[in-house]
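Trainee: Hey, dropping target24.cif in here, mmCIF, C-alpha atoms:
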```cif
data_coords
#
loop_
_atom_site.label_atom_id
_atom_site.label_comp_id
_atom_site.auth_asym_id
_atom_site.auth_seq_id
_atom_site.Cartn_x
_atom_site.Cartn_y
_atom_site.Cartn_z
CA MET A 20 3.09 -23.70 0.90
CA GLU A 21 5.35 -23.76 3.93
CA PHE A 22 4.91 -22.89 7.60
CA ASP A 23 6.92 -19.83 8.65
CA PRO A 24 7.50 -19.93 12.42
CA ARG A 25 8.70 -16.33 12.48
CA ILE A 26 5.22 -15.10 11.62
CA ASN A 27 3.28 -18.16 12.91
CA ALA A 28 1.57 -18.68 9.57
CA GLN A 29 1.50 -20.85 6.48
CA ARG A 30 3.16 -18.85 3.70
CA VAL A 31 1.10 -19.23 0.52
CA THR A 32 3.24 -18.63 -2.57
CA ALA A 33 1.61 -20.41 -5.53
CA TYR A 34 -0.42 -18.14 -7.81
CA ALA A 35 -3.36 -20.56 -8.08
CA ASP A 36 -3.55 -21.04 -4.30
CA LEU A 37 -3.39 -17.29 -3.69
CA ARG A 38 -6.24 -16.59 -6.08
CA ALA A 39 -8.30 -19.36 -4.50
CA VAL A 40 -7.83 -17.94 -1.00
CA LEU A 41 -8.55 -14.36 -2.09
CA ALA A 42 -11.71 -15.47 -3.89
CA ASP A 43 -13.10 -17.30 -0.82
CA PRO A 44 -13.52 -14.84 2.08
CA VAL A 45 -15.95 -17.22 3.81
CA THR A 46 -13.32 -19.91 4.34
CA PHE A 47 -10.41 -17.48 4.70
CA SER A 48 -11.34 -14.51 6.87
CA SER A 49 -9.57 -11.14 6.74
CA ARG A 50 -10.19 -10.47 10.44
CA ASN A 51 -6.50 -10.79 11.37
CA MET A 52 -5.22 -9.11 8.20
CA THR A 53 -2.27 -7.48 10.01
CA GLY A 54 -1.13 -10.82 11.42
CA PRO A 55 -1.37 -13.14 14.43
CA GLN A 56 1.23 -11.17 16.39
CA VAL A 57 -0.82 -7.97 16.39
CA ALA A 58 -4.01 -9.97 17.10
CA ALA A 59 -2.38 -11.58 20.14
CA VAL A 60 -1.26 -8.21 21.47
CA ALA A 61 -4.74 -6.74 20.98
CA ALA A 62 -6.35 -9.59 22.94
CA MET A 63 -4.29 -8.65 26.01
CA MET A 64 -5.02 -4.92 25.92
CA PRO A 65 -7.61 -2.97 27.92
CA PRO A 66 -10.65 -1.76 25.93
CA GLU A 67 -9.39 1.73 25.00
CA GLN A 68 -6.04 0.50 23.73
CA ARG A 69 -7.72 -2.41 21.96
CA ARG A 70 -9.95 0.11 20.20
CA LEU A 71 -6.88 1.95 18.93
CA LEU A 72 -5.31 -1.29 17.70
CA GLU A 73 -8.56 -2.16 15.95
CA LEU A 74 -8.28 1.02 13.90
CA MET A 75 -6.20 -1.16 11.58
CA SER A 76 -9.23 -3.46 11.22
CA SER A 77 -11.33 -1.56 8.74
CA LEU A 78 -11.92 -2.21 5.05
CA ASN A 79 -9.03 -4.65 4.60
CA ALA A 80 -9.91 -6.62 7.73
CA ALA A 81 -13.69 -6.82 7.28
CA ASP A 82 -15.67 -9.71 5.84
CA GLY A 83 -19.06 -10.23 4.23
CA THR A 84 -21.77 -7.60 4.52
CA ARG A 85 -19.64 -5.39 6.80
CA HIS A 86 -16.90 -5.26 4.19
CA ALA A 87 -19.45 -4.48 1.47
CA ARG A 88 -20.95 -1.65 3.53
CA ILE A 89 -17.58 -0.04 4.31
CA ARG A 90 -16.40 -0.41 0.72
CA ALA A 91 -19.61 1.17 -0.59
CA ALA A 92 -18.95 4.19 1.62
CA ALA A 93 -15.34 4.41 0.43
CA ASN A 94 -16.13 3.96 -3.27
CA GLN A 95 -17.44 7.52 -3.62
CA LYS A 96 -13.85 8.80 -3.51
CA PHE A 97 -12.52 6.26 -6.03
CA THR A 98 -15.05 6.02 -8.85
CA PRO A 99 -13.55 6.22 -12.37
CA THR A 100 -15.01 9.72 -12.75
CA ALA A 101 -13.62 10.91 -9.41
CA VAL A 102 -10.17 9.56 -10.28
CA ARG A 103 -10.16 11.14 -13.77
CA GLN A 104 -11.08 14.49 -12.28
CA MET A 105 -7.95 14.38 -10.11
CA ALA A 106 -5.54 14.08 -13.07
CA ASP A 107 -4.77 17.79 -13.50
CA THR A 108 -4.25 18.31 -9.77
CA ILE A 109 -1.99 15.26 -9.57
CA ARG A 110 0.12 16.48 -12.50
CA GLU A 111 0.45 19.95 -11.03
CA ARG A 112 1.49 18.50 -7.69
CA ALA A 113 4.17 16.37 -9.35
CA ARG A 114 5.51 19.31 -11.35
CA THR A 115 5.58 21.67 -8.39
CA LEU A 116 7.47 19.20 -6.20
CA LEU A 117 10.00 18.42 -8.93
CA ASP A 118 10.49 22.12 -9.72
CA GLU A 119 11.34 22.87 -6.08
CA LEU A 120 14.02 20.18 -5.71
CA PRO A 121 17.77 20.87 -5.82
CA GLU A 122 20.00 19.45 -8.56
CA GLU A 123 20.30 16.19 -6.61
CA ALA A 124 17.81 14.90 -4.04
CA ASP A 125 16.34 11.76 -2.44
CA PHE A 126 13.50 10.53 -4.62
CA VAL A 127 11.81 8.67 -1.75
CA SER A 128 11.72 11.28 1.03
CA GLN A 129 11.79 14.47 -1.05
CA PHE A 130 9.48 13.55 -3.89
CA ALA A 131 7.56 10.23 -3.78
CA ALA A 132 6.48 10.36 -0.13
CA PRO A 133 5.29 14.00 -0.10
CA PHE A 134 3.67 13.53 -3.51
CA ALA A 135 1.70 10.45 -2.41
CA LEU A 136 0.81 12.10 0.87
CA GLY A 137 -0.50 15.16 -0.96
CA VAL A 138 -2.74 13.09 -3.25
CA VAL A 139 -4.21 11.25 -0.25
CA GLY A 140 -4.69 14.59 1.49
CA ASP A 141 -6.66 15.80 -1.52
CA VAL A 142 -8.82 12.66 -1.47
CA LEU A 143 -9.66 13.17 2.21
CA GLY A 144 -10.03 16.95 1.99
CA VAL A 145 -7.11 17.67 4.31
CA PRO A 146 -5.54 21.16 4.26
CA GLU A 147 -2.00 21.15 2.87
CA ALA A 148 -0.65 22.72 6.05
CA ASP A 149 -1.62 19.55 7.91
CA PHE A 150 0.13 17.11 5.54
CA PRO A 151 3.22 16.71 7.78
CA LEU A 152 0.97 15.21 10.46
CA PHE A 153 0.31 12.23 8.21
CA ARG A 154 3.89 11.03 8.57
CA GLU A 155 3.28 10.75 12.30
CA PHE A 156 0.18 8.66 11.62
CA VAL A 157 1.77 6.29 9.08
CA ALA A 158 5.15 5.59 10.71
CA PRO A 159 3.87 3.85 13.89
CA VAL A 160 1.48 1.64 11.86
CA LEU A 161 4.35 0.48 9.65
CA GLU A 162 6.55 -0.14 12.66
CA LEU A 163 3.86 -2.21 14.38
CA THR A 164 3.31 -4.38 11.28
CA SER A 165 7.00 -4.80 10.36
CA GLY A 166 7.12 -8.45 11.42
CA GLU A 167 9.55 -7.67 14.23
CA GLU A 168 8.73 -8.25 17.89
CA VAL A 169 6.14 -5.81 19.23
CA SER A 170 7.99 -3.93 21.98
CA GLU A 171 6.63 -1.49 24.55
CA ARG A 172 8.33 1.33 22.66
CA VAL A 173 6.59 0.37 19.41
CA LEU A 174 3.23 0.12 21.15
CA GLY A 175 3.76 3.43 22.91
CA SER A 176 4.58 5.13 19.62
CA TYR A 177 1.52 3.57 17.98
CA PHE A 178 -0.90 4.59 20.74
CA ALA A 179 0.44 8.15 20.79
CA GLY A 180 0.11 8.41 17.02
CA MET A 181 -3.39 6.94 16.95
CA ASN A 182 -4.63 9.20 19.73
CA GLU A 183 -3.50 12.15 17.65
CA PHE A 184 -4.98 10.58 14.53
CA CYS A 185 -8.40 10.15 16.21
CA ALA A 186 -8.34 13.70 17.53
CA TYR A 187 -7.54 15.05 14.07
CA PHE A 188 -10.04 13.01 12.03
CA ALA A 189 -12.78 13.48 14.63
CA ARG A 190 -12.93 17.02 13.19
CA SER A 191 -12.89 15.80 9.59
CA ASN A 192 -15.95 15.47 7.36
CA ALA A 193 -14.45 12.55 5.40
CA PHE A 194 -17.02 9.75 4.95
CA ARG A 195 -19.59 11.34 7.24
CA GLY A 196 -23.29 11.06 6.54
CA GLY A 197 -23.26 7.40 5.58
CA GLN A 198 -23.82 4.08 7.30
CA LEU A 199 -20.48 3.91 9.09
CA SER A 200 -19.95 4.02 12.83
CA GLU A 201 -17.38 6.54 14.05
CA GLN A 202 -14.87 3.72 14.65
CA GLU A 203 -15.42 2.44 11.10
CA ARG A 204 -15.08 5.94 9.67
CA LEU A 205 -11.79 6.53 11.49
CA SER A 206 -10.52 3.09 10.50
CA LEU A 207 -11.33 3.76 6.86
CA CYS A 208 -9.47 7.08 6.95
CA LEU A 209 -6.45 5.32 8.46
CA ALA A 210 -6.51 2.57 5.82
CA ILE A 211 -6.54 5.16 3.02
CA VAL A 212 -3.79 7.24 4.63
CA VAL A 213 -1.46 4.26 5.15
CA ALA A 214 -2.09 2.44 1.88
CA GLY A 215 -2.28 5.57 -0.21
CA THR A 216 1.00 6.97 1.04
CA ASP A 217 3.22 3.97 1.75
CA SER A 218 2.34 1.65 -1.13
CA THR A 219 2.33 4.51 -3.64
CA THR A 220 5.72 5.73 -2.42
CA ASN A 221 7.10 2.21 -2.88
CA MET A 222 5.56 1.89 -6.32
CA LEU A 223 6.92 5.22 -7.58
CA ALA A 224 10.46 4.58 -6.36
CA SER A 225 10.52 1.09 -7.86
CA MET A 226 9.06 2.44 -11.09
CA PHE A 227 11.74 5.13 -11.38
CA LEU A 228 14.40 2.41 -11.27
CA ARG A 229 12.66 0.67 -14.19
CA LEU A 230 11.98 3.71 -16.40
CA ASP A 231 13.36 3.65 -19.93
CA ALA A 232 13.29 6.83 -22.03
CA LYS A 233 12.48 4.73 -25.11
CA GLU A 234 9.44 3.07 -23.53
CA ARG A 235 6.05 4.63 -24.29
CA ARG A 236 3.79 1.90 -22.88
CA LEU A 237 3.72 3.62 -19.49
CA GLY A 238 0.52 1.93 -18.32
CA GLY A 239 2.28 -1.40 -18.86
CA VAL A 240 5.33 -0.14 -16.99
CA VAL A 241 3.20 0.64 -13.93
CA GLU A 242 1.49 -2.76 -14.06
CA GLU A 243 4.81 -4.61 -14.36
CA VAL A 244 6.31 -2.65 -11.47
CA VAL A 245 3.34 -3.57 -9.29
CA ARG A 246 3.80 -7.20 -10.35
CA LEU A 247 7.58 -7.63 -10.07
CA ASP A 248 8.27 -5.07 -7.33
CA THR A 249 5.03 -5.60 -5.41
CA PRO A 250 4.67 -2.53 -3.09
CA PHE A 251 2.73 -4.49 -0.46
CA ILE A 252 4.23 -7.99 -0.30
CA GLY A 253 1.10 -9.59 1.14
CA PHE A 254 -1.42 -9.84 3.96
CA PHE A 255 -2.77 -12.45 6.36
CA ARG A 256 -5.92 -14.54 6.34
CA THR A 257 -7.39 -16.84 9.03
CA ALA A 258 -9.07 -20.16 8.27
CA THR A 259 -12.65 -20.34 9.54
CA CYS A 260 -12.87 -24.13 9.18
CA PRO A 261 -10.60 -27.11 8.50
CA VAL A 262 -9.41 -27.10 4.89
CA SER A 263 -6.65 -28.54 2.71
CA MET A 264 -4.57 -26.51 0.29
CA GLY A 265 -1.49 -27.40 -1.68
CA GLY A 266 -1.39 -30.77 0.05
CA VAL A 267 -1.30 -29.10 3.48
CA LYS A 268 -4.02 -29.54 6.11
CA ILE A 269 -5.08 -26.25 7.66
CA ALA A 270 -7.02 -26.23 10.93
CA GLU A 271 -9.72 -23.76 11.92
CA GLY A 272 -8.00 -20.66 13.32
CA ASP A 273 -4.71 -21.24 11.49
CA HIS A 274 -3.14 -18.20 9.89
CA LEU A 275 -1.98 -17.89 6.29
CA PHE A 276 0.35 -15.24 4.89
CA LEU A 277 -0.62 -14.49 1.30
CA ASP A 278 2.69 -13.79 -0.42
CA TYR A 279 1.58 -11.77 -3.45
CA ALA A 280 5.19 -11.03 -4.38
CA ALA A 281 5.94 -14.75 -4.75
CA GLY A 282 2.71 -15.40 -6.64
CA ASN A 283 3.54 -12.62 -9.08
CA ARG A 284 6.73 -14.51 -9.97
CA ASP A 285 5.23 -18.01 -10.01
CA PRO A 286 7.11 -19.69 -12.92
CA LYS A 287 3.97 -21.67 -13.79
CA VAL A 288 2.26 -18.38 -14.68
CA PHE A 289 4.81 -15.62 -15.27
CA THR A 290 8.35 -15.13 -16.51
CA GLU A 291 10.90 -13.07 -14.61
CA ASP A 292 11.44 -10.57 -17.41
CA PHE A 293 10.07 -7.02 -17.16
CA ASP A 294 7.58 -6.72 -20.02
CA PRO A 295 5.35 -3.60 -20.28
CA GLY A 296 3.54 -5.32 -23.14
CA ARG A 297 2.55 -8.34 -21.06
CA PRO A 298 -1.10 -9.38 -21.59
CA SER A 299 -3.46 -8.40 -18.78
CA VAL A 300 -4.65 -12.01 -18.48
CA PRO A 301 -3.78 -13.69 -16.22
CA GLY A 302 -3.82 -10.73 -13.88
CA HIS A 303 -1.08 -10.15 -11.34
CA LEU A 304 -1.82 -9.99 -7.60
CA GLY A 305 -0.10 -6.70 -6.81
CA PHE A 306 -3.49 -5.08 -6.26
CA GLY A 307 -4.98 -8.22 -4.73
CA HIS A 308 -7.91 -10.19 -6.15
CA GLY A 309 -11.54 -10.84 -5.34
CA PRO A 310 -13.67 -8.76 -2.93
CA HIS A 311 -10.60 -7.08 -1.42
CA TYR A 312 -9.13 -5.92 -4.73
CA CYS A 313 -7.34 -2.64 -4.02
CA LEU A 314 -9.83 0.20 -3.67
CA GLY A 315 -7.33 2.77 -4.94
CA ALA A 316 -5.86 0.74 -7.81
CA GLN A 317 -7.07 3.11 -10.54
CA LEU A 318 -5.77 6.13 -8.63
CA ALA A 319 -2.39 4.45 -8.08
CA LYS A 320 -2.12 3.64 -11.80
CA LEU A 321 -2.94 7.23 -12.70
CA GLU A 322 -0.35 8.56 -10.25
CA GLY A 323 2.27 6.18 -11.64
CA ARG A 324 1.61 7.10 -15.27
CA ILE A 325 1.64 10.86 -14.60
CA VAL A 326 4.84 10.71 -12.55
CA ALA A 327 6.50 8.58 -15.24
CA GLU A 328 5.55 11.15 -17.89
CA GLU A 329 6.91 14.01 -15.81
CA LEU A 330 10.19 12.24 -15.02
CA LEU A 331 10.74 11.31 -18.66
CA ASP A 332 9.92 14.85 -19.79
CA ARG A 333 12.75 16.14 -17.59
CA SER A 334 15.14 13.31 -18.39
CA SER A 335 15.39 12.68 -14.65
CA GLU A 336 18.23 10.33 -13.71
CA VAL A 337 18.93 7.91 -10.88
CA ALA A 338 22.19 9.03 -9.26
CA GLU A 339 23.32 5.69 -7.84
CA GLN A 340 24.05 2.21 -9.12
CA PRO A 341 21.14 -0.30 -8.90
CA GLY A 342 23.25 -2.60 -6.72
CA ASP A 343 23.76 0.21 -4.21
CA VAL A 344 20.05 0.91 -3.65
CA ARG A 345 19.07 0.12 -0.07
CA TYR A 346 15.63 -1.48 0.38
CA ARG A 347 13.36 -1.31 3.40
CA ARG A 348 13.19 -4.25 5.80
CA HIS A 349 9.52 -4.94 6.41
CA LEU A 350 7.20 -7.94 6.37
CA ILE A 351 4.57 -6.24 4.22
CA SER A 352 5.92 -3.00 2.73
CA HIS A 353 8.51 -3.26 -0.06
CA GLY A 354 10.46 -0.51 -1.82
CA PRO A 355 13.70 1.49 -1.81
CA ALA A 356 14.44 3.14 1.54
CA ALA A 357 16.24 5.96 -0.28
CA LEU A 358 17.13 6.75 -3.88
CA ARG A 359 19.41 9.60 -4.93
CA PHE A 360 18.37 11.24 -8.22
CA ARG A 361 18.79 14.27 -10.43
CA PRO A 362 15.34 15.74 -11.23
CA GLY A 363 16.40 17.68 -14.33
CA GLN A 364 14.49 20.53 -15.94
CA ARG A 365 11.07 20.49 -17.53
CA ARG A 366 11.16 20.95 -21.30
CA GLY A 367 9.64 24.13 -22.63
#
```
Write the structure described by the file as C-alpha cells, please.

Mentor:
Amino acid sequence: MEFDPRINAQRVTAYADLRAVLADPVTFSSRNMTGPQVAAVAAMMPPEQRRLLELMSSLNAADGTRHARIRAAANQKFTPTAVRQMADTIRERARTLLDELPEEADFVSQFAAPFALGVVGDVLGVPEADFPLFREFVAPVLELTSGEEVSERVLGSYFAGMNEFCAYFARSNAFRGGQLSEQERLSLCLAIVVAGTDSTTNMLASMFLRLDAKERRLGGVVEEVVRLDTPFIGFFRTATCPVSMGGVKIAEGDHLFLDYAAGNRDPKVFTEDFDPGRPSVPGHLGFGHGPHYCLGAQLAKLEGRIVAEELLDRSSEVAEQPGDVRYRRHLISHGPAALRFRPGQRRG
C-alpha cells in the first residue's frame, strides 16, 4: 500500500488487502466511491448542482441497508432467468451490427460501444431511436471521473448532460413502483447506463485482442480478460474509523483507492499468463467482491461469450499490431481507445 498524492488516497494493491476492504463496508464506506476530488467539488456546490453530482452516488456509493434496498430493486433486471432470456436478443444484436459494418472498421466505436449501449437500452426499456442520447450521458461522467483536474468546462459538460439525463429518465418507467426515491431511481439508471456501456465496451475490445480461433473455453476467456485487462481499474473507499492495513495506519476519513487491476496480478495469488482454464478459486476482483459485487456480472459474461462466438464464426481479424493499439487514459476505465478490425462474413 502506498499513498498516491495525485488522487489523495492510499492505493491498495495487494489481493488479500483488497478482499478485506471489500468485505468490510462498515469500516470502509463506499460514500465517496468516485473519489475525494469529486467529493470536494460537490461540497462546494449549491443544492441543485450538488444533487446532479450525487447522481453518481447510487448503488455503488451506498452502504448498509440503503445499499441493500437499492440493490434489491435493481436485481429484478439481472436475475439468472432474466439474463438467460436476453441471450437470443443479444446474439441478434451482435450479428446485425457485424453484418452492417464495412470490410474494415473500428471495433470500439462501430461495434462494441453501440452493442453494449443497445443491451443496456434493452434492460432499461429504452427505444432504439433514443440510444444515441446515451453517449451524451456517459461521456461527461467519464470525463469527470478521469482523475484529471475538474475544470469549469468539465463541470459544465457534466451538468448539461445530467440535466438532459434527468429530463429523459423522468419519463421512464424503469425501476418505478418500488421503494426507491426519485433521486435513487435516477441514480440507479445512471449507474447501469455508465457501467453497462463503458465497462462492457472495454471488456469486449480487450477480449477481441485475446481471442484465439483454437480456444473453445470461451467462458474462461471472458473471465481471464476481466482479470488481466480489468475494464474498471478500481474504485475508492473512505475509512469510517482509525484502522491499520498492510502496516499502514489509516485515519478516520482517509481515502483508499482499491486497485483491482493490481490485485488481479498479485504474484502471491496469480501468474501473469493468460489461462482460460484457470480455476475459479481464488476468484479475481474484476467484478469486485463482497456486497458490491458487480450487479451485471452475469450479463457481462453472457455478452462476452456471445460476441466471442460471433467473432470466431466470422474469422474476424484485428487489423493492427498489438503494440500499435492505443489505450484510454483514465483513472478508472481501462480499454483500447480504438481498434481497427476486419469483421469477416458469417458462415452459412

Trainee: Identify all residues satisfying the PyMOL selection byres ((chain A and resi 38) around 12) in the given file; provide them as a PyMOL selection string.

Mentor: chain A and resi 31-37+39-44+47+264+277-279+282-283+301-312

Trainee: Restricting the output to C-alpha atoms, write the selected residues as a short mmCIF file (atom, residue, chain, number, x, y, z; two decimals), in the frame of the given file.

Mentor:
```
data_model
loop_
_atom_site.label_atom_id
_atom_site.label_comp_id
_atom_site.auth_asym_id
_atom_site.auth_seq_id
_atom_site.Cartn_x
_atom_site.Cartn_y
_atom_site.Cartn_z
CA VAL A 31 1.10 -19.23 0.52
CA THR A 32 3.24 -18.63 -2.57
CA ALA A 33 1.61 -20.41 -5.53
CA TYR A 34 -0.42 -18.14 -7.81
CA ALA A 35 -3.36 -20.56 -8.08
CA ASP A 36 -3.55 -21.04 -4.30
CA LEU A 37 -3.39 -17.29 -3.69
CA ALA A 39 -8.30 -19.36 -4.50
CA VAL A 40 -7.83 -17.94 -1.00
CA LEU A 41 -8.55 -14.36 -2.09
CA ALA A 42 -11.71 -15.47 -3.89
CA ASP A 43 -13.10 -17.30 -0.82
CA PRO A 44 -13.52 -14.84 2.08
CA PHE A 47 -10.41 -17.48 4.70
CA MET A 264 -4.57 -26.51 0.29
CA LEU A 277 -0.62 -14.49 1.30
CA ASP A 278 2.69 -13.79 -0.42
CA TYR A 279 1.58 -11.77 -3.45
CA GLY A 282 2.71 -15.40 -6.64
CA ASN A 283 3.54 -12.62 -9.08
CA PRO A 301 -3.78 -13.69 -16.22
CA GLY A 302 -3.82 -10.73 -13.88
CA HIS A 303 -1.08 -10.15 -11.34
CA LEU A 304 -1.82 -9.99 -7.60
CA GLY A 305 -0.10 -6.70 -6.81
CA PHE A 306 -3.49 -5.08 -6.26
CA GLY A 307 -4.98 -8.22 -4.73
CA HIS A 308 -7.91 -10.19 -6.15
CA GLY A 309 -11.54 -10.84 -5.34
CA PRO A 310 -13.67 -8.76 -2.93
CA HIS A 311 -10.60 -7.08 -1.42
CA TYR A 312 -9.13 -5.92 -4.73
#
```

Trainee: Please enumerate the residues selected by the PyMOL selection byres ((chain A and resi 173) around 12) when evaluated against the supplied file, formatted as a PyMOL selection string.

Mentor: chain A and resi 57+60+158-172+174-180

Trainee: Would you translate the PyMOL selection byres ((chain A and resi 84-95) around 9) into the concrete set of residues it matches in this file, as a ChimeraX atom specification?

Mentor: /A:77-83,96-98,101,194,197-199,203-204,207,310-311,314

Trainee: Would you kindly return, as a PyMOL selection string, each protein, DNA or RNA residue with an atom no farther than 6 Å from any atom of Ile351 (chain A), considering only C-alpha atoms and excluding same-chain residues fewer than 4 positions away?

Mentor: chain A and resi 251-253

Trainee: Go through A:Cys208, A:Thr46, A:Ser335, A:Met52 and flag the residue nearest Glu271 (chain A), using all atoms listed in the file for the distances.

Mentor: A:Thr46

Trainee: How far is it from CA of Gly140 (chain A) to CA of Leu318 (chain A), in Å with one decimal?

Mentor: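 Rounded to one decimal, the two atoms are 13.2 Å apart.
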
Trainee: One number please: CA of Phe153 (chain A) to CA of Ser218 (chain A), in Å, one decimal.

Mentor: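 Here the two named atoms are 14.3 Å from each other.
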
Trainee: All heavy atoms are needed for region 60-68 of chain A; please write them out as a compact mmCIF listing (two decimals), keeping the file's coordinate frame.

Mentor:
```txt
# COMPACT_ATOMS: atom_id res chain seq x y z
N VAL A 60 -1.49 -9.39 20.64
CA VAL A 60 -1.26 -8.21 21.47
C VAL A 60 -2.59 -7.53 21.79
O VAL A 60 -2.86 -7.15 22.93
CB VAL A 60 -0.31 -7.22 20.76
CG1 VAL A 60 -0.27 -5.88 21.50
CG2 VAL A 60 1.09 -7.80 20.67
N ALA A 61 -3.45 -7.40 20.78
CA ALA A 61 -4.74 -6.74 20.98
C ALA A 61 -5.59 -7.47 22.00
O ALA A 61 -6.29 -6.84 22.81
CB ALA A 61 -5.49 -6.65 19.65
N ALA A 62 -5.53 -8.79 22.01
CA ALA A 62 -6.35 -9.59 22.94
C ALA A 62 -5.97 -9.34 24.39
O ALA A 62 -6.79 -9.55 25.30
CB ALA A 62 -6.20 -11.06 22.61
N MET A 63 -4.75 -8.89 24.64
CA MET A 63 -4.29 -8.65 26.01
C MET A 63 -4.46 -7.21 26.46
O MET A 63 -4.16 -6.88 27.61
CB MET A 63 -2.81 -9.05 26.13
CG MET A 63 -2.54 -10.52 25.87
SD MET A 63 -0.81 -10.95 26.18
CE MET A 63 0.02 -10.02 24.89
N MET A 64 -4.95 -6.34 25.61
CA MET A 64 -5.02 -4.92 25.92
C MET A 64 -6.35 -4.54 26.58
O MET A 64 -7.38 -5.16 26.31
CB MET A 64 -4.85 -4.11 24.62
CG MET A 64 -3.46 -4.16 24.04
SD MET A 64 -2.32 -3.21 25.07
CE MET A 64 -0.79 -4.11 24.78
N PRO A 65 -6.35 -3.49 27.40
CA PRO A 65 -7.61 -2.97 27.92
C PRO A 65 -8.43 -2.36 26.79
O PRO A 65 -7.88 -2.07 25.70
CB PRO A 65 -7.16 -1.89 28.92
CG PRO A 65 -5.76 -1.54 28.54
CD PRO A 65 -5.18 -2.77 27.94
N PRO A 66 -9.74 -2.15 27.01
CA PRO A 66 -10.65 -1.76 25.93
C PRO A 66 -10.20 -0.55 25.11
O PRO A 66 -10.28 -0.57 23.88
CB PRO A 66 -11.97 -1.49 26.66
CG PRO A 66 -11.90 -2.37 27.85
CD PRO A 66 -10.47 -2.40 28.27
N GLU A 67 -9.73 0.52 25.74
CA GLU A 67 -9.39 1.73 25.00
C GLU A 67 -8.21 1.49 24.07
O GLU A 67 -8.21 1.91 22.91
CB GLU A 67 -9.09 2.88 25.96
CG GLU A 67 -8.71 4.19 25.26
CD GLU A 67 -9.75 4.66 24.26
OE1 GLU A 67 -10.95 4.34 24.42
OE2 GLU A 67 -9.37 5.35 23.30
N GLN A 68 -7.19 0.79 24.58
CA GLN A 68 -6.04 0.50 23.73
C GLN A 68 -6.40 -0.52 22.64
O GLN A 68 -5.90 -0.43 21.52
CB GLN A 68 -4.88 -0.01 24.58
CG GLN A 68 -4.28 1.09 25.47
CD GLN A 68 -3.07 0.60 26.24
OE1 GLN A 68 -3.02 -0.55 26.66
NE2 GLN A 68 -2.10 1.49 26.44
```
